[in-house]
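Chemist: As input, take upload_17.tsv (TSV, C-alpha atoms and all ligand atoms):
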chain	number	residue	atom	x	y	z
C	462	MET	CA	61.79	-24.44	54.17
C	463	THR	CA	64.15	-21.92	55.70
C	464	PRO	CA	64.57	-21.62	59.46
C	465	ARG	CA	62.20	-19.05	60.91
C	466	ILE	CA	64.08	-16.46	62.86
C	467	GLY	CA	62.17	-14.94	65.77
C	468	PRO	CA	63.21	-12.14	68.08
C	469	ARG	CA	64.52	-14.48	70.81
C	470	THR	CA	64.69	-17.99	69.42
C	471	ILE	CA	65.83	-19.63	66.24
C	472	ARG	CA	63.48	-22.40	65.14
C	473	ARG	CA	65.27	-24.95	63.08
C	474	VAL	CA	63.62	-27.39	60.74
C	475	THR	CA	64.13	-30.86	62.17
C	476	PRO	CA	66.35	-32.89	59.84
C	477	ILE	CA	64.80	-36.14	58.65
C	478	ASP	CA	67.35	-38.87	58.04
C	479	LEU	CA	66.24	-41.39	55.42
C	480	ARG	CA	69.74	-42.33	54.27
C	481	SER	CA	69.72	-45.74	55.90
C	482	ASP	CA	68.19	-47.85	58.65
C	483	THR	CA	71.66	-47.89	60.23
C	484	VAL	CA	71.25	-44.36	61.64
C	485	THR	CA	69.02	-45.40	64.58
C	486	ARG	CA	70.10	-44.64	68.16
C	487	PRO	CA	69.78	-47.23	70.94
C	488	THR	CA	66.69	-46.64	73.07
C	489	PRO	CA	66.95	-46.00	76.84
C	490	ALA	CA	65.66	-49.55	77.47
C	491	MET	CA	68.31	-50.97	75.16
C	492	ARG	CA	71.03	-48.97	76.92
C	493	GLU	CA	69.78	-50.35	80.23
C	494	ALA	CA	69.98	-53.90	78.89
C	495	MET	CA	73.54	-53.16	77.73
C	496	ALA	CA	74.49	-51.77	81.14
C	497	ARG	CA	73.11	-54.86	82.89
C	498	ALA	CA	74.79	-57.38	80.58
C	499	GLU	CA	76.89	-60.10	82.10
C	500	VAL	CA	80.23	-60.13	80.29
C	501	GLY	CA	83.51	-62.02	80.00
C	502	ASP	CA	86.41	-62.27	77.57
C	503	ASP	CA	84.84	-63.56	74.38
C	504	VAL	CA	88.22	-64.32	72.80
C	505	TYR	CA	88.43	-67.02	75.52
C	506	GLY	CA	84.81	-67.94	74.77
C	507	GLU	CA	83.80	-66.63	78.20
C	508	ASP	CA	81.16	-64.01	77.46
C	509	PRO	CA	77.80	-65.53	78.41
C	510	THR	CA	75.76	-62.81	76.72
C	511	VAL	CA	77.57	-63.23	73.40
C	512	ARG	CA	77.04	-66.99	73.64
C	513	ALA	CA	73.36	-66.49	74.45
C	514	LEU	CA	72.98	-64.29	71.37
C	515	GLU	CA	74.75	-66.81	69.14
C	516	GLU	CA	72.50	-69.62	70.36
C	517	ARG	CA	69.44	-67.44	69.96
C	518	VAL	CA	70.33	-66.53	66.38
C	519	ALA	CA	71.18	-70.11	65.43
C	520	GLY	CA	67.83	-71.20	66.88
C	521	LEU	CA	65.87	-68.47	65.11
C	522	LEU	CA	67.44	-69.38	61.77
C	523	GLY	CA	67.25	-73.13	62.24
C	524	LYS	CA	71.04	-73.47	61.95
C	525	GLU	CA	73.38	-75.39	64.25
C	526	ASP	CA	75.59	-72.51	65.31
C	527	ALA	CA	76.34	-68.83	64.81
C	528	LEU	CA	79.15	-66.39	65.49
C	529	PHE	CA	78.80	-62.78	66.65
C	530	VAL	CA	80.86	-60.37	64.52
C	531	PRO	CA	81.27	-56.57	64.42
C	532	SER	CA	79.72	-55.96	60.98
C	533	GLY	CA	77.68	-57.48	58.20
C	534	THR	CA	80.61	-57.06	55.89
C	535	GLN	CA	82.72	-59.25	58.15
C	536	ALA	CA	79.91	-61.82	58.45
C	537	ASN	CA	79.74	-62.08	54.65
C	538	GLN	CA	83.50	-62.30	54.25
C	539	ILE	CA	83.83	-65.01	56.91
C	540	ALA	CA	81.15	-66.96	55.04
C	541	LEU	CA	83.06	-66.44	51.80
C	542	MET	CA	86.22	-67.77	53.50
C	543	LEU	CA	84.31	-70.81	54.74
C	544	HIS	CA	83.41	-71.67	51.15
C	545	CYS	CA	86.13	-70.33	48.87
C	546	GLN	CA	89.88	-70.28	48.49
C	547	ALA	CA	91.98	-67.93	46.38
C	548	GLY	CA	91.14	-68.39	42.72
C	549	ASP	CA	87.63	-69.73	43.36
C	550	ALA	CA	84.48	-68.18	41.92
C	551	ALA	CA	81.40	-67.05	43.81
C	552	PHE	CA	78.24	-66.15	41.88
C	553	ALA	CA	76.00	-63.39	43.20
C	554	GLY	CA	73.11	-61.23	42.06
C	555	GLU	CA	73.72	-57.91	40.32
C	556	HIS	CA	74.76	-55.11	42.71
C	557	ALA	CA	75.24	-57.64	45.54
C	558	HIS	CA	76.56	-56.08	48.75
C	559	PHE	CA	79.03	-58.97	48.79
C	560	GLY	CA	80.76	-57.73	45.65
C	561	LEU	CA	79.97	-54.02	45.46
C	562	TYR	CA	79.82	-52.56	48.97
C	563	GLU	CA	82.55	-54.40	50.87
C	564	ALA	CA	85.55	-52.44	49.63
C	565	GLY	CA	86.85	-55.30	47.52
C	566	ALA	CA	87.23	-57.60	50.54
C	567	ALA	CA	86.59	-60.73	48.47
C	568	GLY	CA	89.62	-59.93	46.33
C	569	ALA	CA	91.75	-58.35	49.05
C	570	PHE	CA	91.34	-60.97	51.78
C	571	VAL	CA	89.96	-64.13	50.18
C	572	GLY	CA	91.26	-63.95	46.61
C	573	ALA	CA	87.89	-65.13	45.34
C	574	GLN	CA	86.24	-63.71	42.24
C	575	ILE	CA	82.65	-62.52	42.37
C	576	HIS	CA	80.71	-63.22	39.16
C	577	SER	CA	77.46	-61.33	38.71
C	578	LEU	CA	74.41	-63.34	37.70
C	579	GLY	CA	73.12	-60.25	35.90
C	580	VAL	CA	69.96	-59.51	37.89
C	581	PRO	CA	69.50	-58.65	41.59
C	582	LEU	CA	67.36	-61.71	42.41
C	583	PRO	CA	68.62	-64.47	40.11
C	584	GLY	CA	66.87	-67.80	39.58
C	585	PRO	CA	68.19	-71.09	38.20
C	586	ASP	CA	68.09	-69.84	34.59
C	587	GLU	CA	70.58	-67.07	35.34
C	588	LEU	CA	72.93	-69.51	37.07
C	589	ARG	CA	72.62	-72.07	34.26
C	590	ALA	CA	73.44	-69.36	31.70
C	591	ARG	CA	76.64	-68.24	33.48
C	592	LEU	CA	77.98	-71.24	35.32
C	593	PHE	CA	81.21	-72.58	33.86
C	594	PRO	CA	82.36	-76.16	34.28
C	595	ASP	CA	84.99	-77.22	36.79
C	596	LEU	CA	87.77	-77.37	34.17
C	597	PHE	CA	91.36	-76.38	34.80
C	598	TYR	CA	91.23	-73.16	32.79
C	599	TYR	CA	88.26	-71.70	34.72
C	600	PRO	CA	88.17	-70.39	38.24
C	601	ARG	CA	86.74	-73.18	40.41
C	602	PRO	CA	82.99	-72.55	40.84
C	603	ARG	CA	82.31	-72.84	44.57
C	604	LEU	CA	79.49	-70.62	45.79
C	605	VAL	CA	76.21	-68.89	45.01
C	606	ALA	CA	75.26	-65.94	47.23
C	607	LEU	CA	71.71	-64.61	47.55
C	608	GLU	CA	70.66	-61.33	49.14
C	609	ASN	CA	67.32	-61.12	50.98
C	610	THR	CA	66.03	-58.46	51.10
C	611	HIS	CA	67.95	-56.88	48.26
C	612	ASN	CA	69.55	-53.62	49.28
C	613	HIS	CA	70.28	-52.02	45.90
C	614	GLY	CA	67.10	-53.50	44.42
C	615	GLY	CA	64.94	-51.47	46.83
C	616	GLY	CA	64.40	-53.87	49.71
C	617	LEU	CA	62.79	-56.51	47.52
C	618	VAL	CA	61.95	-59.81	49.18
C	619	TYR	CA	63.44	-62.79	47.33
C	620	PRO	CA	60.54	-64.81	45.92
C	621	GLN	CA	60.86	-67.96	48.00
C	622	GLU	CA	60.33	-70.48	45.19
C	623	ARG	CA	62.92	-68.72	43.07
C	624	ALA	CA	65.45	-68.77	45.91
C	625	GLU	CA	64.74	-72.46	46.53
C	626	ALA	CA	65.07	-73.35	42.84
C	627	LEU	CA	68.37	-71.47	42.60
C	628	ALA	CA	69.70	-73.20	45.72
C	629	GLU	CA	68.62	-76.60	44.42
C	630	LEU	CA	70.47	-76.09	41.15
C	631	ALA	CA	73.53	-74.80	43.03
C	632	ARG	CA	73.63	-77.95	45.17
C	633	GLU	CA	73.10	-80.17	42.14
C	634	LYS	CA	76.19	-78.52	40.64
C	635	GLY	CA	78.20	-78.99	43.82
C	636	LEU	CA	78.14	-75.32	44.86
C	637	ALA	CA	77.63	-74.06	48.39
C	638	VAL	CA	75.00	-71.38	49.07
C	639	HIS	CA	75.37	-68.25	51.20
C	640	LEU	CA	72.48	-66.00	52.15
C	641	ASP	CA	73.29	-62.37	52.82
C	642	GLY	CA	70.40	-61.70	55.17
C	643	ALA	CA	71.45	-58.32	56.55
C	644	ARG	CA	67.72	-57.50	56.27
C	645	LEU	CA	66.37	-61.05	56.50
C	646	TRP	CA	64.28	-59.84	59.46
C	647	ASN	CA	62.48	-57.47	57.09
C	648	ALA	CA	61.91	-60.27	54.56
C	649	HIS	CA	60.45	-62.44	57.33
C	650	VAL	CA	58.13	-59.74	58.68
C	651	ALA	CA	57.00	-58.61	55.21
C	652	SER	CA	56.37	-62.09	53.75
C	653	GLY	CA	55.33	-63.99	56.86
C	654	THR	CA	57.69	-66.77	55.77
C	655	PRO	CA	59.26	-68.38	58.87
C	656	LEU	CA	62.94	-67.51	59.37
C	657	PRO	CA	64.13	-71.16	59.26
C	658	LYS	CA	62.44	-71.58	55.89
C	659	LEU	CA	64.10	-68.42	54.54
C	660	ALA	CA	67.45	-69.61	55.90
C	661	ALA	CA	67.08	-73.21	54.69
C	662	VAL	CA	68.15	-72.28	51.15
C	663	ALA	CA	71.68	-71.62	52.40
C	664	ASP	CA	74.60	-73.31	54.15
C	665	THR	CA	75.68	-70.03	55.75
C	666	VAL	CA	73.52	-67.02	56.61
C	667	SER	CA	74.54	-63.53	57.72
C	668	VAL	CA	72.18	-61.22	59.62
C	669	CYS	CA	72.55	-57.66	60.97
C	670	PHE	CA	71.37	-56.23	64.28
C	671	SER	CA	72.40	-52.66	63.49
C	672	LYS	CA	69.90	-51.96	60.72
C	673	GLY	CA	66.15	-51.98	61.22
C	674	LEU	CA	66.47	-53.79	64.55
C	675	GLY	CA	68.13	-50.70	66.00
C	676	ALA	CA	71.15	-52.13	67.83
C	677	PRO	CA	74.26	-49.93	67.71
C	678	VAL	CA	76.72	-52.59	66.49
C	679	GLY	CA	76.79	-56.17	65.37
C	680	SER	CA	75.99	-58.96	62.98
C	681	ALA	CA	76.12	-62.73	63.06
C	682	VAL	CA	76.98	-65.48	60.64
C	683	ALA	CA	75.30	-68.87	61.01
C	684	PHE	CA	76.73	-72.21	59.88
C	685	GLU	CA	77.03	-75.92	60.66
C	686	ARG	CA	78.57	-76.65	64.08
C	687	ALA	CA	81.63	-78.30	62.51
C	688	ARG	CA	82.59	-75.00	60.85
C	689	ARG	CA	82.94	-73.06	64.12
C	690	PRO	CA	86.72	-73.51	64.52
C	691	ASP	CA	87.31	-72.22	60.98
C	692	ALA	CA	84.88	-69.33	61.50
C	693	LEU	CA	86.66	-68.39	64.76
C	694	ARG	CA	90.00	-68.36	62.98
C	695	TYR	CA	88.74	-66.24	60.09
C	696	ARG	CA	87.09	-63.76	62.48
C	697	ARG	CA	90.34	-63.43	64.36
C	698	ARG	CA	92.24	-63.00	61.11
C	699	MET	CA	89.90	-60.16	60.09
C	700	GLY	CA	90.38	-58.44	63.46
C	701	GLY	CA	86.84	-59.19	64.59
C	702	ALA	CA	87.55	-61.17	67.78
C	703	LEU	CA	86.22	-58.92	70.58
C	704	ARG	CA	86.62	-59.05	74.35
C	705	GLN	CA	83.70	-58.01	76.64
C	706	ALA	CA	81.35	-57.85	73.66
C	707	GLY	CA	78.40	-58.88	75.82
C	708	ILE	CA	77.36	-55.24	76.12
C	709	LEU	CA	76.84	-55.27	72.34
C	710	ALA	CA	75.24	-58.71	72.28
C	711	ALA	CA	72.80	-57.51	74.97
C	712	ALA	CA	71.65	-54.74	72.64
C	713	ALA	CA	71.08	-57.29	69.87
C	714	LEU	CA	69.16	-59.61	72.21
C	715	HIS	CA	67.03	-56.68	73.35
C	716	ALA	CA	66.36	-55.79	69.71
C	717	LEU	CA	65.28	-59.35	68.89
C	718	ASP	CA	62.96	-59.36	71.92
C	719	HIS	CA	61.41	-55.94	71.41
C	720	HIS	CA	62.04	-54.54	67.93
C	721	LEU	CA	61.62	-57.40	65.47
C	722	GLY	CA	57.84	-57.19	65.23
C	723	GLU	CA	57.96	-53.43	64.91
C	724	LEU	CA	59.58	-53.68	61.47
C	725	ALA	CA	56.06	-53.88	60.04
C	726	ALA	CA	55.63	-50.19	60.92
C	727	ASP	CA	58.77	-49.30	58.93
C	728	HIS	CA	57.31	-51.17	55.95
C	729	ARG	CA	53.97	-49.38	56.22
C	730	ARG	CA	55.76	-46.03	56.40
C	731	ALA	CA	57.90	-46.87	53.36
C	732	ARG	CA	54.76	-47.62	51.35
C	733	ARG	CA	53.25	-44.32	52.48
C	734	LEU	CA	56.46	-42.56	51.46
C	735	ALA	CA	56.35	-44.20	48.02
C	736	GLU	CA	52.70	-43.20	47.66
C	737	GLY	CA	53.50	-39.60	48.56
C	738	LEU	CA	56.44	-39.53	46.16
C	739	ALA	CA	54.68	-41.33	43.28
C	740	GLY	CA	54.98	-38.11	41.26
C	741	LEU	CA	58.77	-38.47	41.42
C	742	GLY	CA	58.64	-42.08	40.22
C	743	ALA	CA	58.36	-43.98	43.51
C	744	ASP	CA	56.07	-47.01	43.35
C	745	PRO	CA	54.22	-48.31	46.44
C	746	ALA	CA	53.61	-51.63	44.63
C	747	LYS	CA	57.38	-52.15	44.38
C	748	THR	CA	57.97	-51.07	47.97
C	749	GLU	CA	57.88	-54.40	49.78
C	750	THR	CA	59.83	-53.55	52.92
C	751	ASN	CA	61.54	-50.41	54.30
C	752	ILE	CA	63.37	-49.14	51.21
C	753	VAL	CA	62.00	-46.82	48.53
C	754	VAL	CA	64.00	-46.43	45.33
C	755	PHE	CA	63.25	-44.48	42.20
C	756	GLU	CA	65.18	-43.40	39.16
C	757	HIS	CA	66.30	-39.84	38.69
C	758	PRO	CA	68.42	-38.48	35.82
C	759	ASP	CA	70.81	-36.86	38.32
C	760	ALA	CA	70.56	-38.67	41.63
C	761	ALA	CA	73.41	-36.71	43.28
C	762	ALA	CA	71.78	-33.36	42.44
C	763	PHE	CA	68.45	-34.56	43.82
C	764	VAL	CA	70.11	-35.75	47.03
C	765	ALA	CA	71.78	-32.33	47.41
C	766	ARG	CA	68.50	-30.47	46.89
C	767	ALA	CA	66.74	-32.71	49.40
C	768	ALA	CA	69.51	-31.95	51.91
C	769	GLU	CA	68.84	-28.21	51.50
C	770	ARG	CA	65.35	-28.99	52.77
C	771	GLU	CA	66.76	-31.01	55.66
C	772	VAL	CA	65.82	-34.39	54.20
C	773	ARG	CA	68.81	-36.69	54.05
C	774	ILE	CA	68.58	-39.42	51.43
C	775	SER	CA	71.13	-41.39	49.43
C	776	ALA	CA	72.10	-42.04	45.84
C	777	MET	CA	72.72	-45.60	44.69
C	778	GLY	CA	74.83	-44.92	41.64
C	779	PRO	CA	74.26	-42.00	39.22
C	780	ARG	CA	70.56	-42.55	38.54
C	781	VAL	CA	68.93	-44.22	41.54
C	782	VAL	CA	67.71	-42.42	44.65
C	783	ARG	CA	67.12	-44.40	47.86
C	784	LEU	CA	65.08	-43.57	50.96
C	785	THR	CA	65.04	-45.95	53.90
C	786	THR	CA	62.57	-45.89	56.79
C	787	HIS	CA	63.57	-46.94	60.29
C	788	ARG	CA	62.38	-47.02	63.89
C	789	ASP	CA	63.60	-43.49	64.71
C	790	LEU	CA	61.11	-41.99	62.21
C	791	ASP	CA	57.41	-41.78	63.06
C	792	ASP	CA	54.37	-41.08	60.86
C	793	GLU	CA	54.79	-37.35	61.33
C	794	ALA	CA	58.38	-37.44	60.07
C	795	ILE	CA	57.31	-39.37	56.98
C	796	GLU	CA	54.56	-36.84	56.20
C	797	ALA	CA	57.03	-33.99	56.69
C	798	ALA	CA	59.55	-35.69	54.38
C	799	ILE	CA	56.90	-36.06	51.68
C	800	GLU	CA	55.90	-32.42	52.04
C	801	ARG	CA	59.50	-31.26	51.71
C	802	LEU	CA	60.33	-33.53	48.75
C	803	VAL	CA	57.17	-33.26	46.63
C	804	GLY	CA	58.10	-29.78	45.41
C	805	LEU	CA	61.49	-30.99	44.17
C	806	ASP	CA	60.71	-31.66	40.53
C	807	PRO	CA	62.73	-34.31	38.68
C	901	LIG	C1	74.20	-53.40	55.35
C	901	LIG	C2	74.40	-54.64	54.59
C	901	LIG	C3	75.46	-55.50	54.91
C	901	LIG	C4	76.46	-55.24	56.02
C	901	LIG	O1	76.86	-53.97	56.18
C	901	LIG	P1	77.80	-53.51	57.39
C	901	LIG	O2	77.73	-52.03	57.26
C	901	LIG	O3	79.14	-54.06	57.14
C	901	LIG	O4	77.21	-54.03	58.66
C	901	LIG	C5	75.57	-56.66	54.19
C	901	LIG	N1	74.71	-56.95	53.22
C	901	LIG	C6	73.68	-56.16	52.89
C	901	LIG	C7	72.73	-56.57	51.83
C	901	LIG	C8	73.50	-54.96	53.56
C	901	LIG	O5	72.47	-54.18	53.24
Would you mind writing the structure in this file as structure tokens?
Ligand SMILES: *Cc1c(COP(=O)(O)O)cnc(C)c1O

Modeler:
Amino acid sequence: MTPRIGPRTIRRVTPIDLRSDTVTRPTPAMREAMARAEVGDDVYGEDPTVRALEERVAGLLGKEDALFVPSGTQANQIALMLHCQAGDAAFAGEHAHFGLYEAGAAGAFVGAQIHSLGVPLPGPDELRARLFPDLFYYPRPRLVALENTHNHGGGLVYPQERAEALAELAREKGLAVHLDGARLWNAHVASGTPLPKLAAVADTVSVCFSKGLGAPVGSAVAFERARRPDALRYRRRMGGALRQAGILAAAALHALDHHLGELAADHRRARRLAEGLAGLGADPAKTETNIVVFEHPDAAAFVARAAEREVRISAMGPRVVRLTTHRDLDDEAIEAAIERLVGLDP
């Protein structure tokens, strides 16, 4: 579609941004909640809104405590620091955010090695096949990290029994378990599994407020109360200790109050998108939450052609295309995206 040029006005085609659920803007009501927030210096532990958010998140996840941090990456890396020292090994699913999308933080800051378990959503068999014994010539096996939902895998919800079986084996072998739950809210809404049950597989859990929930900034990492002093130190070390962060925590609290249940609409729209793009290889049956992925021989070229039609999408590696629905896109936008993309043959 090219812009229609009239005698007095230029009508532009509205861009549709399906690159990520991080592109949402705070709503007027959220901005009001931010403006009203009571704040203090959180480095001194004096921001009541940050503390309220941490208690809220810990309660929602059934954990003893939680810490507010600027990003999901930092939440994951603090968790890694809580479990691993330099030279230790952490096992994670294939294409885990932990290992692939955090700019090498595990190596740069922690000195831990990430070992892939070969598939995005590993079970006990995958861990059994790759786990090495705690002998002096191996890295020390310390951690298993799960990702729910799985980002690269297309927003797949971790089958609960599989996650539980993996965690059970990990504990049997003396390993800690971390859950990267940047989109755990989506897993909860899509599966109906209570959040504490989803979180119970892990010792530490990270969650994001700036994805589908629509807050502008922020994540949290949950843990046992006794780990708080360590977590505070690691956050400080990473540069994540903030001052009057209550204005950000207020946005996250507002999102938990008002946006959590609305994720179901994002999931419905993602399925509709997959249905509409079935001809390109999208599969509604494999679209469990708000992410649609399909294979394309030249993902970058497809992304570029979609952009020419004002649909912004992303490539996950050379042959996977990803479209993500979010609360700033309504039914009409999804139908328009389908219309613009259907003509783009593979
Ligand atoms: C987005 C995401 C994160 C955190 O990303 P930030 O951009 O650092 O907030 C962590 N894990 C997964 C699986 C994600 O999708």

Chemist: Please extract the residues at most 8 Å from ligand LIG 901 (chain C), counting all atoms listed in the file, and provide them as a PyMOL selection string, using the chain letters and residue numbers of this document.

Modeler: chain C and resi 483+531-537+557-559+562-563+608-613+641-644+667-669+671-672+678-680

Chemist: Distance cut-off 10 Å, centre (55.7, -46.3, 57.3) in file coordinates, counting only C-alpha atoms: which residues qualify? Return them as a list in words.

Modeler: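 Residues found, by chain and rising number: Leu724, Ala725, Ala726, Asp727, His728, Arg729, Arg730, Ala731, Arg732, Arg733, Leu734, Ala735, Thr750, Asn751, Thr785, Thr786, His787, Arg788, Leu790, Asp791, Asp792, Glu793, Ala794, Ile795 and Glu796 of chain C.
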
Chemist: Store the residues picked out above, limited to C-alpha atoms, as a PDB file, keeping the file's coordinate frame.

Modeler:
ATOM      1  CA  LEU C 724      59.580 -53.680  61.470  1.00  0.00           C
ATOM      2  CA  ALA C 725      56.060 -53.880  60.040  1.00  0.00           C
ATOM      3  CA  ALA C 726      55.630 -50.190  60.920  1.00  0.00           C
ATOM      4  CA  ASP C 727      58.770 -49.300  58.930  1.00  0.00           C
ATOM      5  CA  HIS C 728      57.310 -51.170  55.950  1.00  0.00           C
ATOM      6  CA  ARG C 729      53.970 -49.380  56.220  1.00  0.00           C
ATOM      7  CA  ARG C 730      55.760 -46.030  56.400  1.00  0.00           C
ATOM      8  CA  ALA C 731      57.900 -46.870  53.360  1.00  0.00           C
ATOM      9  CA  ARG C 732      54.760 -47.620  51.350  1.00  0.00           C
ATOM     10  CA  ARG C 733      53.250 -44.320  52.480  1.00  0.00           C
ATOM     11  CA  LEU C 734      56.460 -42.560  51.460  1.00  0.00           C
ATOM     12  CA  ALA C 735      56.350 -44.200  48.020  1.00  0.00           C
ATOM     13  CA  THR C 750      59.830 -53.550  52.920  1.00  0.00           C
ATOM     14  CA  ASN C 751      61.540 -50.410  54.300  1.00  0.00           C
ATOM     15  CA  THR C 785      65.040 -45.950  53.900  1.00  0.00           C
ATOM     16  CA  THR C 786      62.570 -45.890  56.790  1.00  0.00           C
ATOM     17  CA  HIS C 787      63.570 -46.940  60.290  1.00  0.00           C
ATOM     18  CA  ARG C 788      62.380 -47.020  63.890  1.00  0.00           C
ATOM     19  CA  LEU C 790      61.110 -41.990  62.210  1.00  0.00           C
ATOM     20  CA  ASP C 791      57.410 -41.780  63.060  1.00  0.00           C
ATOM     21  CA  ASP C 792      54.370 -41.080  60.860  1.00  0.00           C
ATOM     22  CA  GLU C 793      54.790 -37.350  61.330  1.00  0.00           C
ATOM     23  CA  ALA C 794      58.380 -37.440  60.070  1.00  0.00           C
ATOM     24  CA  ILE C 795      57.310 -39.370  56.980  1.00  0.00           C
ATOM     25  CA  GLU C 796      54.560 -36.840  56.200  1.00  0.00           C
TER      26      GLU C 796
END

Chemist: Have a look at C:Leu674, C:Ala606, C:Leu805, C:Leu656 and name the one nearest to C:Thr485; count all atoms listed in the file.

Modeler: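 Selected residue with least distance to C:Thr485: C:Leu674.
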
Chemist: Find the residue from C:Leu528, C:Phe597, C:Arg632, C:Asp718 that sits nearest to C:Asp691; use all atoms listed in the file when measuring.

Modeler: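 Among the listed residues, the smallest separation from C:Asp691 belongs to C:Leu528.
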
Chemist: Measure the distance from atom CA of C:Asn647 to atom CA of C:Ala716 in Å and round it to one decimal.

Modeler: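 Taking atom CA of C:Asn647 and atom CA of C:Ala716, their separation equals 13.3 Å.
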
Chemist: Using only C-alpha atoms, can you tell me which of C:Gly701, C:Ala551, C:Leu640, C:Leu582 comes closest to C:Ala660?

Modeler: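 For C:Ala660, the nearest of the candidates is C:Leu640.
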
Chemist: So which one's closest to C:Ala628, C:Arg704, C:Arg589, C:Arg780, C:Arg486? Using all atoms listed in the file, please.

Modeler: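 Smallest distance to C:Ala628 is found for C:Arg589.
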
Chemist: Would you mind reading off the distance between atom CA of C:Phe593 and atom CA of C:Ala683, one decimal, in Å?

Modeler: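 Answer for the atom CA of C:Phe593 to atom CA of C:Ala683 separation: 28.0 Å.
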
Chemist: Restricting the calculation to only C-alpha atoms: of C:Asp595, C:Asp664, C:Glu736, C:Asp789, which residue gets closest to C:Glu629?

Modeler: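 So, comparing all the options, the nearest one is C:Asp664.
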
Chemist: Find the distance between atom CA of C:Glu749 and atom CA of C:Leu709 and write it in Å to one decimal.

Modeler: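 Value for the atom CA of C:Glu749-atom CA of C:Leu709 distance: 29.5 Å.
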
Chemist: Contacts of C:Ile539 at 8 Å or less, counting all atoms listed in the file, minus same-chain residues fewer than 4 places along, as a PyMOL selection string?

Modeler: chain C and resi 535+543+682+692+695-696

Chemist: Residues near C:Thr654, anyone? I mean within 12 Å using only C-alpha atoms, not counting same-chain ones fewer than 6 positions away, as a list in words.

Modeler: Leu522, Val618, Tyr619, Pro620, Gln621, Glu622, Leu645, Trp646, Asn647, Ala648, Ala660 and Ala661 of chain C

Chemist: Got a sec: who's within 8 Å of C:Ala760, counting all atoms listed in the file, leaving out chain neighbours fewer than 4 positions off, as a PDB file with C-alpha atoms, in the frame of the given file?

Modeler:
ATOM      1  CA  GLU C 756      65.180 -43.400  39.160  1.00  0.00           C
ATOM      2  CA  VAL C 764      70.110 -35.750  47.030  1.00  0.00           C
ATOM      3  CA  ALA C 776      72.100 -42.040  45.840  1.00  0.00           C
ATOM      4  CA  MET C 777      72.720 -45.600  44.690  1.00  0.00           C
ATOM      5  CA  GLY C 778      74.830 -44.920  41.640  1.00  0.00           C
ATOM      6  CA  PRO C 779      74.260 -42.000  39.220  1.00  0.00           C
ATOM      7  CA  ARG C 780      70.560 -42.550  38.540  1.00  0.00           C
ATOM      8  CA  VAL C 781      68.930 -44.220  41.540  1.00  0.00           C
ATOM      9  CA  VAL C 782      67.710 -42.420  44.650  1.00  0.00           C
TER      10      VAL C 782
END

Chemist: With distances taken over only C-alpha atoms, which of C:Ala739, C:Ile752, C:Leu592, C:Met542 is nearest to C:Ala569?

Modeler: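 Ranked by minimum distance to C:Ala569, first place goes to C:Met542.
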
Chemist: Just want the 9 Å neighbourhood of C:Ala626, counted on all atoms listed in the file, with same-chain residues fewer than 6 positions away dropped. Output as a PyMOL selection string.

Modeler: chain C and resi 584-585+662
